[in-house]
Every structure is written in structure tokens, then in C-alpha cells.
There are 2 protein chains.
Amino acid sequence: MLFDENDKSYPIELVAEFLGVNSRTLYYYEKFRLVYPMRRGRKRYYSKADIRWLKYMRELMYEEGMNLKSIIILIKRRDNVVLGKCPDDVVNCFKNYLMHIRH
Amino acid sequence: MLFDENDKSYPIELVAEFLGVNSRTLYYYEKFRLVYPMRRGRKRYYSKADIRWLKYMRELMYEEGMNLKSIIILIKRRDNVVLGKCPDDVVNCFKNYLMHIRH
DNA sequence: AACATTTTTACTTTAAAGTGAAAAATAAAT
DNA sequence: ATTTATTTTTCACTTTAAAGTAAAAATGTT
């Protein structure tokens, strides 16, 4: 009965419990601008999308070994920030490395 | 006189000195499959592209705050490995977050 | 055999990630 | 309006692991 599919938002404590973290951790993520819960008054409410995102984010961290800053960059890259900074010849150089990596 | 533009490959000690790291660090990167120096016998020779890549890699680490595993993933993503794992609705959800982030 | 490079082992350093507890802030209740 | 309760914020601390390195052992080259 953790989540009622019809509810559209969840308070921080419930989300923290669901993710198995301290609610303080969610404030921490917010400071990194990694999540934007809705505010009703001063209280935070997380949408299902928020929760899915947090869960995926933590998978990237604990299954893929990424760190928070990289995840931020991963998001920004959808606006081409990181590769924008990467010189062209280095980008091309990536392709050589790709050949060596098995997926 | 660190680098002769006409030379096509550089031994590990020279590269380490240029990057300001211990040569052991370059072995370390290699174990992560982040670089593939050419081998003549058992000895390693790094190309200019290798060196540029290493330099860029370290910028990502020390200026952007990325970790090695994330850099590996960044490379692989050119083959869509990471976002391939990411559920579509989460990908769409990224767009909302993008709006909140200033570049 | 002598030399140089590599590999392995285990260690050090450093900072990220997370958290506890108290203080501050805000809303609700009486 | 004052008190009570709840959430947020701040500060400082702990834990953990990534990143890097030193030293010794192994290996290949000449």
C-alpha cells in the first residue's frame, strides 16, 4: 500500500522510504538541481515522474558507477553542452576507442 | 623540447610527465580500457591522439567533476548504451528537468 | 647477466555521498 | 497571540570508495 496509483503526489518521507534513503538525501539531490518536487506551501510533493527519475538516477549511480556531477552532465548533454566543449578531432578520436570496447 | 611535432609516438614516461601524473596512472587508465597505446614489443607508445584524449579526459575529471566510470559510459553512449537502458518515459521526463537548468 | 619496463600488491589520500542533530522557519491548533 | 507540531535548513560529522601511487616482483630485451 506504499503507493496509491491514483494519487498524483507524494510527500518527501514516503519517497525517501520507497527509495530506501534518508529524506535528507532528497534535499541533497535537490541542491544539485537534480530534482524539482512541486511545492504546496513550503511542503514538497514528488510526482511519479520525479520518483521514476530518482530511481533511475540511483541505478546509474549504484549499478553503473556514475557520480552525481556526471549525471548532471548527462542531462545537460541533451543540450550538447559537454560534447560542444570537446574539440572535433577528439570527437573523431572517440571512434577509434569505440572499436576496442565490447558492449 | 618536450614534444617533437614530427615524432609519431611517445613513451609512457614522457606522456606521464606531460600530463603531470605518475606513469602508474596511465597503466591505471589502461586497465579501465580508456586508452590503448601502441605496443612495440612490450613497450608502450602513445600517439598524439592518445595524448589529446587523455588530456581531455582529465579535463572532464578535474574541471567537470566526472569520474572514470562515467567517462567510459560517455564513450559508450556514442553507441547508445546508456540511454538505451533508460525507459522512454524517463527520457521524456528529462526534458522537464532541462527547462530548470541554466547553462 | 644486466637493464628497463611492466605487473601486482597493498597502501594513502582525498573527496563524494550520505546522514544526525540542532536551529530556524512556517503553518496549524488552541 | 501563543503554543504546538511539522518541515526545512544548516552545520558538522561519518562512511565509503575512487583515484592515484610506492615498492617489490615479474617479465621481456639486448
# chains A, B, ... in the order shown; residues from 1 in each chain; ligands from 1

$ residues_around --residues "range 24-39 of chain B" --least-positions-apart "2" --cutoff "9 Å" --atoms "only C-alpha atoms (C1' of nucleotides)" --output "list in words"
Tyr97, His100 and Ile101 of chain A; Ser9, Ile12, Val15, Ala16, Val21, Asn22, Gly41, Arg42, Lys43, Arg44, Tyr45, Tyr46, Ser47, Asp50, Trp53, Leu54, Met57, Leu68, Lys69, Ile71 and Ile72 of chain B; DA19, DG20 and DT21 of chain D

$ write_last_selection --atoms "C-alpha atoms (C1' of nucleotides)" --output "PDB file, in the first residue's frame"
ATOM      1  CA  TYR A  97      38.315   3.774 -28.941  1.00  0.00           C
ATOM      2  CA  HIS A 100      38.154  -1.579 -28.847  1.00  0.00           C
ATOM      3  CA  ILE A 101      35.229  -1.697 -26.482  1.00  0.00           C
TER       4      ILE A 101
ATOM      5  CA  SER B   9      54.733   8.180 -30.752  1.00  0.00           C
ATOM      6  CA  ILE B  12      54.945   6.375 -21.220  1.00  0.00           C
ATOM      7  CA  VAL B  15      53.419  11.285 -21.562  1.00  0.00           C
ATOM      8  CA  ALA B  16      53.176  10.991 -17.810  1.00  0.00           C
ATOM      9  CA  VAL B  21      50.918  12.268 -13.460  1.00  0.00           C
ATOM     10  CA  ASN B  22      52.734   9.158 -12.384  1.00  0.00           C
ATOM     11  CA  GLY B  41      57.400  -5.334 -28.097  1.00  0.00           C
ATOM     12  CA  ARG B  42      56.147  -4.917 -24.587  1.00  0.00           C
ATOM     13  CA  LYS B  43      56.856  -1.216 -24.559  1.00  0.00           C
ATOM     14  CA  ARG B  44      54.052   1.324 -24.860  1.00  0.00           C
ATOM     15  CA  TYR B  45      53.970   4.209 -27.291  1.00  0.00           C
ATOM     16  CA  TYR B  46      51.290   6.863 -27.150  1.00  0.00           C
ATOM     17  CA  SER B  47      50.146   8.744 -30.250  1.00  0.00           C
ATOM     18  CA  ASP B  50      46.100   9.304 -27.353  1.00  0.00           C
ATOM     19  CA  TRP B  53      42.296  12.195 -25.460  1.00  0.00           C
ATOM     20  CA  LEU B  54      43.998  11.691 -22.116  1.00  0.00           C
ATOM     21  CA  MET B  57      39.622  13.012 -20.185  1.00  0.00           C
ATOM     22  CA  LEU B  68      36.226   7.455 -14.724  1.00  0.00           C
ATOM     23  CA  LYS B  69      33.261   5.126 -14.960  1.00  0.00           C
ATOM     24  CA  ILE B  71      33.645   8.787 -18.866  1.00  0.00           C
ATOM     25  CA  ILE B  72      33.574   5.206 -20.024  1.00  0.00           C
TER      26      ILE B  72
ATOM     27  C1'  DA D  19      41.931   7.863  -7.730  1.00  0.00           C
ATOM     28  C1'  DG D  20      46.428   7.636  -7.502  1.00  0.00           C
ATOM     29  C1'  DT D  21      50.914   5.918  -6.056  1.00  0.00           C
TER      30       DT D  21
END

$ interface_residues --of "chain B" --to "chain A" --cutoff "6 Å" --atoms "only C-alpha atoms" --output "list in words"
Gly65, Met66, Lys69 and Ser70 of chain B

$ interface_residues --of "chain C" --to "chain B" --cutoff "12 Å" --atoms "only C-alpha atoms (C1' of nucleotides)" --output "MDAnalysis selection string"
chainID C and resid 4:8 15:16

$ atom_distance --atom1 "C1' of DT9 in chain C" --atom2 "C1' of DA24 in chain D"
8.6 Å

$ closest_residue --among "B:Lys48, B:Glu63, B:Lys55, B:Arg40" --to "chain D" --atoms "only C-alpha atoms (C1' of nucleotides)"
B:Arg40

$ atom_distance --atom1 "CA of Glu59 in chain A" --atom2 "C1' of DA17 in chain D"
16.9 Å

$ interface_residues --of "chain D" --to "chain A" --cutoff "10 Å" --atoms "only C-alpha atoms (C1' of nucleotides)" --output "list in words"
DT6, DT7, DT8 and DT9 of chain D

$ write_last_selection --atoms "N, CA and C atoms (P, O5', C5', C4', C3', O3' and C1' of nucleotides)" --output "short mmCIF file (atom, residue, chain, number, x, y, z; two decimals), in the first residue's frame"
data_model
loop_
_atom_site.label_atom_id
_atom_site.label_comp_id
_atom_site.auth_asym_id
_atom_site.auth_seq_id
_atom_site.Cartn_x
_atom_site.Cartn_y
_atom_site.Cartn_z
P DT D 6 3.05 16.41 14.26
"O5'" DT D 6 3.74 17.06 12.97
"C5'" DT D 6 2.99 17.97 12.17
"C4'" DT D 6 3.89 18.58 11.12
"C3'" DT D 6 4.94 17.62 10.56
"O3'" DT D 6 4.86 17.66 9.15
"C1'" DT D 6 5.94 19.66 11.21
P DT D 7 5.69 16.63 8.23
"O5'" DT D 7 6.63 17.65 7.46
"C5'" DT D 7 6.05 18.80 6.87
"C4'" DT D 7 7.14 19.80 6.58
"C3'" DT D 7 8.34 19.21 5.83
"O3'" DT D 7 8.47 19.92 4.61
"C1'" DT D 7 9.04 20.54 7.68
P DT D 8 9.73 19.63 3.64
"O5'" DT D 8 10.74 20.76 4.09
"C5'" DT D 8 10.31 22.12 4.03
"C4'" DT D 8 11.40 23.02 4.58
"C3'" DT D 8 12.72 22.94 3.83
"O3'" DT D 8 13.12 24.26 3.52
"C1'" DT D 8 13.08 22.69 6.15
P DT D 9 14.30 24.49 2.47
"O5'" DT D 9 15.53 24.81 3.42
"C5'" DT D 9 15.43 25.92 4.32
"C4'" DT D 9 16.57 25.87 5.31
"C3'" DT D 9 17.96 25.71 4.69
"O3'" DT D 9 18.67 26.90 4.97
"C1'" DT D 9 17.68 24.32 6.61
#
